[in-house]
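**Student:** Mind having a look at this structure? Questions to follow.
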Amino acid sequence: MERIRHNARAFVQTFKNHNIPAQVAYASKAFSSIAMLEVANQEGLSLDVVSEGELHTALKAGFPAEKIHMHGNNKSFTELEMAVDNNIGCIVVDNFYEIALLTDVLEDKQKSVDVLLRVTPGIEAHTHDYILTGQEDSKFGFDLSSGQAEKAFELLQANDHVKIKGLHCHIGSQIFETSGFTLATQKLFETMKEWRERFSFNAEVLNLGGGFGIQYTDDDDPLDLDQYALALIDEVKLQSAKLNYPMPEIWIEPGRAIVGDAGVTLYTMGSIKEIPGVRTYASVDGGMTDNIRPALYQAKYNAVLANKMHEPAEKEYAIAGKCCESGDMLLWDVKLPAVEPHDLMAVFSTGAYGYSMANNYNRFGKAAVVFVENGKHQLVVRRENFEEITRLDLSYTNQEELNYETSND
């Protein structure tokens with residue numbers, strides 16, 4: 001937990017030190033649980049949610065509704081209704097269908113809401129294709145170059161129940177440099193300047209998203225977290241002065257950068273299979289059910305044998321999960337001490353998108369989550385048991401067969 005708090009404060013304190021009005025919204029998709037959101041609230045963070053489930057978790061954790069922002073590229077009527085009913089702080093509007101739904105919700109309830117308009121600035125960050133979100137060809141947001149964003153702005157501005165607070169963009173994830181954020185900021189200021197001249201609109205908020213990278217392996221070289229915040233502060237200040245534009249409040253949405261490097265997953269080693277002249281496989285009691293990232297987009301990690309930390313790592317292993325899939329491989333060609341059954345393997349930087357993307361494939365139960373702080377540990381998510389895996393299952397009786405058997409008795 002010390003690491004999570006340290007990461008959160010690196011962002012929050014940087015804005016405070018420079019007297020910049022800001023909101024640092026934890027992107028709860030990275031890892032959401034009641035305990036985690038309680039800690040986020042303790043650290044003065046706002047919160048980014050993308051579903052009813054994430055919003056429900058936030059409210060159950062006692063997170064202040066006015067500091068919750070709702071995202072999503074396909075918000076349902078029910079989700080928007082839930083957000084409005086609970087008076088959350090902001091809805092990030094993503095498409096025209098959503099504008100129509102939100103209009104109906106607000107008209108029905110005779111309530112108003114603050115919104116940000118999510119736009120795609122046409123910036124492609126240096127990251128994996130699956131986690132690019134700021135380019136024009138994206139499922140997220142309104143495209144700036146085609147005029148979609150301006151049309152959406154006019155629709156929202158004409159709605160008496162909506163207050164447009166500003167613009168939002170997110171250019172990708174696991175980004176190790178600041179040039180993409182700088183270009184996106186410039187692009188958004190160009191739009192804000194144009195809309196001020198055409199519509200007398202001054203954006204109070206500029207949300208530049210998240211995507212700040214962390215270290216997974218020795219090949220990763222991320223910036224210190226405060227450097228990302230400083231780069232955004234400097235560029236927003238520069239553009240505000242250059243265009244004589246009132247300095248907007250800066251919002252960001254780190255998720256992985258707050259929890260990613262704080263997480264360690266512990267596995268128990270099982271079977272070992274050596275293929276002479278090819279490779280040696282060592283299997284663990286988990287896999288793509290607790291960490292789907294390697295199978296989904298070839299994510300890489302560092303690992304050690306926790307019970308053999310002082311022994312030399314001299315042999316290469318391919319670490320296999322126990323799911324019935326050839327693609328269930330956690331690591332390739334990792335050097336470890338001689339692996340034996342019952343050894344404990346620790347995989348680092350699994351705090352983000354591990355538990356949050358966990359699943360029950362092969363009917364495996366989800367793992368437990370333990371927080372460690374100041375030398376003490378606490379279970380915050382317990383291990384899923386067999387009864388919980390089948391709790392939604394219902395018995396089925398084929399009435400046609402039943403009737404046939406009955407008629408022949």
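As shown in the structure tokens, the chain order sets the letters A, B, ...; within each chain, residues go from 1, and ligands are also counted from 1 in the order they appear.
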Skipping near chain neighbours, those fewer than 5 positions away, what residues fall within 10 Å of range 51-67 of chain A using only C-alpha atoms, listed as a ChimeraX atom specification?
**Tutor:** /A:23-25,28-29,31-42,44-46,72,74-76,78-83,86-90
**Student:** Excluding same-chain residues fewer than 5 positions from range 334-350 of chain A, what lies within 8 Å of it counting only C-alpha atoms, as number ranges by chain?
**Tutor:** A: 215-216, 260-272, 282, 291, 301-308, 311-319
**Student:** List every residue of range 147-232 of chain A that DSSP, applied to the backbone of this structure, assigns to strand (DSSP E), and report them as a list in words.
**Tutor:**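 Those residues are Val162, Lys163, Ile164, Lys165, Gly166, Leu167, His168, Val205, Leu206 and Asn207 of chain A.
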**Student:** What does the file look like for those residues with N, CA, C and O atoms, as a compact mmCIF listing (two decimals), in the first residue's frame?
**Tutor:**
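What landed in out.txt:
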```
# COMPACT_ATOMS: atom_id res chain seq x y z
N VAL A 162 -27.78 20.42 -19.51
CA VAL A 162 -26.37 20.02 -19.62
C VAL A 162 -25.46 21.23 -19.51
O VAL A 162 -25.71 22.27 -20.13
N LYS A 163 -24.41 21.09 -18.70
CA LYS A 163 -23.36 22.10 -18.68
C LYS A 163 -22.08 21.45 -19.18
O LYS A 163 -21.58 20.49 -18.59
N ILE A 164 -21.55 21.98 -20.27
CA ILE A 164 -20.30 21.46 -20.82
C ILE A 164 -19.13 22.09 -20.05
O ILE A 164 -18.88 23.29 -20.13
N LYS A 165 -18.43 21.25 -19.30
CA LYS A 165 -17.30 21.75 -18.50
C LYS A 165 -16.02 21.88 -19.32
O LYS A 165 -15.15 22.69 -18.99
N GLY A 166 -15.89 21.05 -20.37
CA GLY A 166 -14.68 21.13 -21.16
C GLY A 166 -14.50 19.92 -22.05
O GLY A 166 -15.46 19.22 -22.38
N LEU A 167 -13.25 19.66 -22.41
CA LEU A 167 -12.91 18.59 -23.34
C LEU A 167 -12.10 17.49 -22.66
O LEU A 167 -11.40 17.73 -21.67
N HIS A 168 -12.21 16.29 -23.24
CA HIS A 168 -11.47 15.14 -22.73
C HIS A 168 -10.83 14.41 -23.90
O HIS A 168 -11.41 14.29 -24.98
N VAL A 205 -12.45 22.97 -17.90
CA VAL A 205 -11.68 21.76 -17.61
C VAL A 205 -11.05 21.22 -18.89
O VAL A 205 -11.68 21.20 -19.95
N LEU A 206 -9.80 20.79 -18.78
CA LEU A 206 -9.13 20.07 -19.85
C LEU A 206 -8.64 18.75 -19.27
O LEU A 206 -7.73 18.72 -18.45
N ASN A 207 -9.30 17.66 -19.68
CA ASN A 207 -8.94 16.34 -19.19
C ASN A 207 -8.07 15.66 -20.23
O ASN A 207 -8.51 15.36 -21.34
```
**Student:** What does the distance between CA of Gly286 in chain A and CA of Gly321 in chain A come to in Å, to one decimal place?
**Tutor:** 5.4 Å
**Student:** Using DSSP on the backbone coordinates, identify all residues within range 255-364 of chain A classified as alpha helix (DSSP H); present the result as a ChimeraX atom specification.
**Tutor:** /A:256-259,293-297
**Student:** Write out the residues from the selection above, keeping N, CA, C and O atoms, as a PDB file, in the first residue's frame.
**Tutor:**
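Printed below is out-v1.pdb as written:
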```pdb
ATOM      1  N   ARG A 256      -3.177   2.402 -14.111  1.00  0.00           N
ATOM      2  CA  ARG A 256      -2.008   1.546 -14.054  1.00  0.00           C
ATOM      3  C   ARG A 256      -0.854   2.223 -13.303  1.00  0.00           C
ATOM      4  O   ARG A 256      -0.150   1.601 -12.514  1.00  0.00           O
ATOM      5  N   ALA A 257      -0.661   3.524 -13.543  1.00  0.00           N
ATOM      6  CA  ALA A 257       0.462   4.229 -12.933  1.00  0.00           C
ATOM      7  C   ALA A 257       0.353   4.310 -11.419  1.00  0.00           C
ATOM      8  O   ALA A 257       1.352   4.520 -10.730  1.00  0.00           O
ATOM      9  N   ILE A 258      -0.853   4.144 -10.887  1.00  0.00           N
ATOM     10  CA  ILE A 258      -1.043   4.196  -9.441  1.00  0.00           C
ATOM     11  C   ILE A 258      -0.927   2.818  -8.805  1.00  0.00           C
ATOM     12  O   ILE A 258      -0.290   2.655  -7.754  1.00  0.00           O
ATOM     13  N   VAL A 259      -1.505   1.807  -9.444  1.00  0.00           N
ATOM     14  CA  VAL A 259      -1.537   0.487  -8.798  1.00  0.00           C
ATOM     15  C   VAL A 259      -0.647  -0.569  -9.450  1.00  0.00           C
ATOM     16  O   VAL A 259      -0.368  -1.604  -8.849  1.00  0.00           O
ATOM     17  N   ARG A 293      -3.328 -10.648 -19.771  1.00  0.00           N
ATOM     18  CA  ARG A 293      -2.573  -9.716 -20.608  1.00  0.00           C
ATOM     19  C   ARG A 293      -1.548 -10.396 -21.515  1.00  0.00           C
ATOM     20  O   ARG A 293      -1.411 -10.013 -22.687  1.00  0.00           O
ATOM     21  N   PRO A 294      -0.773 -11.379 -21.044  1.00  0.00           N
ATOM     22  CA  PRO A 294       0.168 -12.022 -21.963  1.00  0.00           C
ATOM     23  C   PRO A 294      -0.520 -12.685 -23.153  1.00  0.00           C
ATOM     24  O   PRO A 294      -0.017 -12.621 -24.283  1.00  0.00           O
ATOM     25  N   ALA A 295      -1.668 -13.313 -22.933  1.00  0.00           N
ATOM     26  CA  ALA A 295      -2.397 -13.946 -24.033  1.00  0.00           C
ATOM     27  C   ALA A 295      -3.092 -12.914 -24.906  1.00  0.00           C
ATOM     28  O   ALA A 295      -3.206 -13.081 -26.124  1.00  0.00           O
ATOM     29  N   LEU A 296      -3.546 -11.825 -24.315  1.00  0.00           N
ATOM     30  CA  LEU A 296      -4.327 -10.822 -25.034  1.00  0.00           C
ATOM     31  C   LEU A 296      -3.462  -9.936 -25.919  1.00  0.00           C
ATOM     32  O   LEU A 296      -3.782  -9.695 -27.076  1.00  0.00           O
ATOM     33  N   TYR A 297      -2.375  -9.414 -25.367  1.00  0.00           N
ATOM     34  CA  TYR A 297      -1.486  -8.580 -26.195  1.00  0.00           C
ATOM     35  C   TYR A 297      -0.007  -8.735 -25.850  1.00  0.00           C
ATOM     36  O   TYR A 297       0.748  -7.769 -25.805  1.00  0.00           O
TER      37      TYR A 297
END
```
**Student:** Mind pulling up the distance from CA of Asp114 in chain A to CA of Ile68 in chain A?
**Tutor:** 11.3 Å
**Student:** So which one's closest to Leu225 in chain A, A:Phe189, A:Phe176, A:Tyr245, A:Phe96? Using only C-alpha atoms, please.
**Tutor:** A:Phe176
**Student:** Hey, can you check how far CA of Ala367 in chain A sits from CA of Ala8 in chain A?
**Tutor:**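 Interatomic distance here is 25.1 Å.
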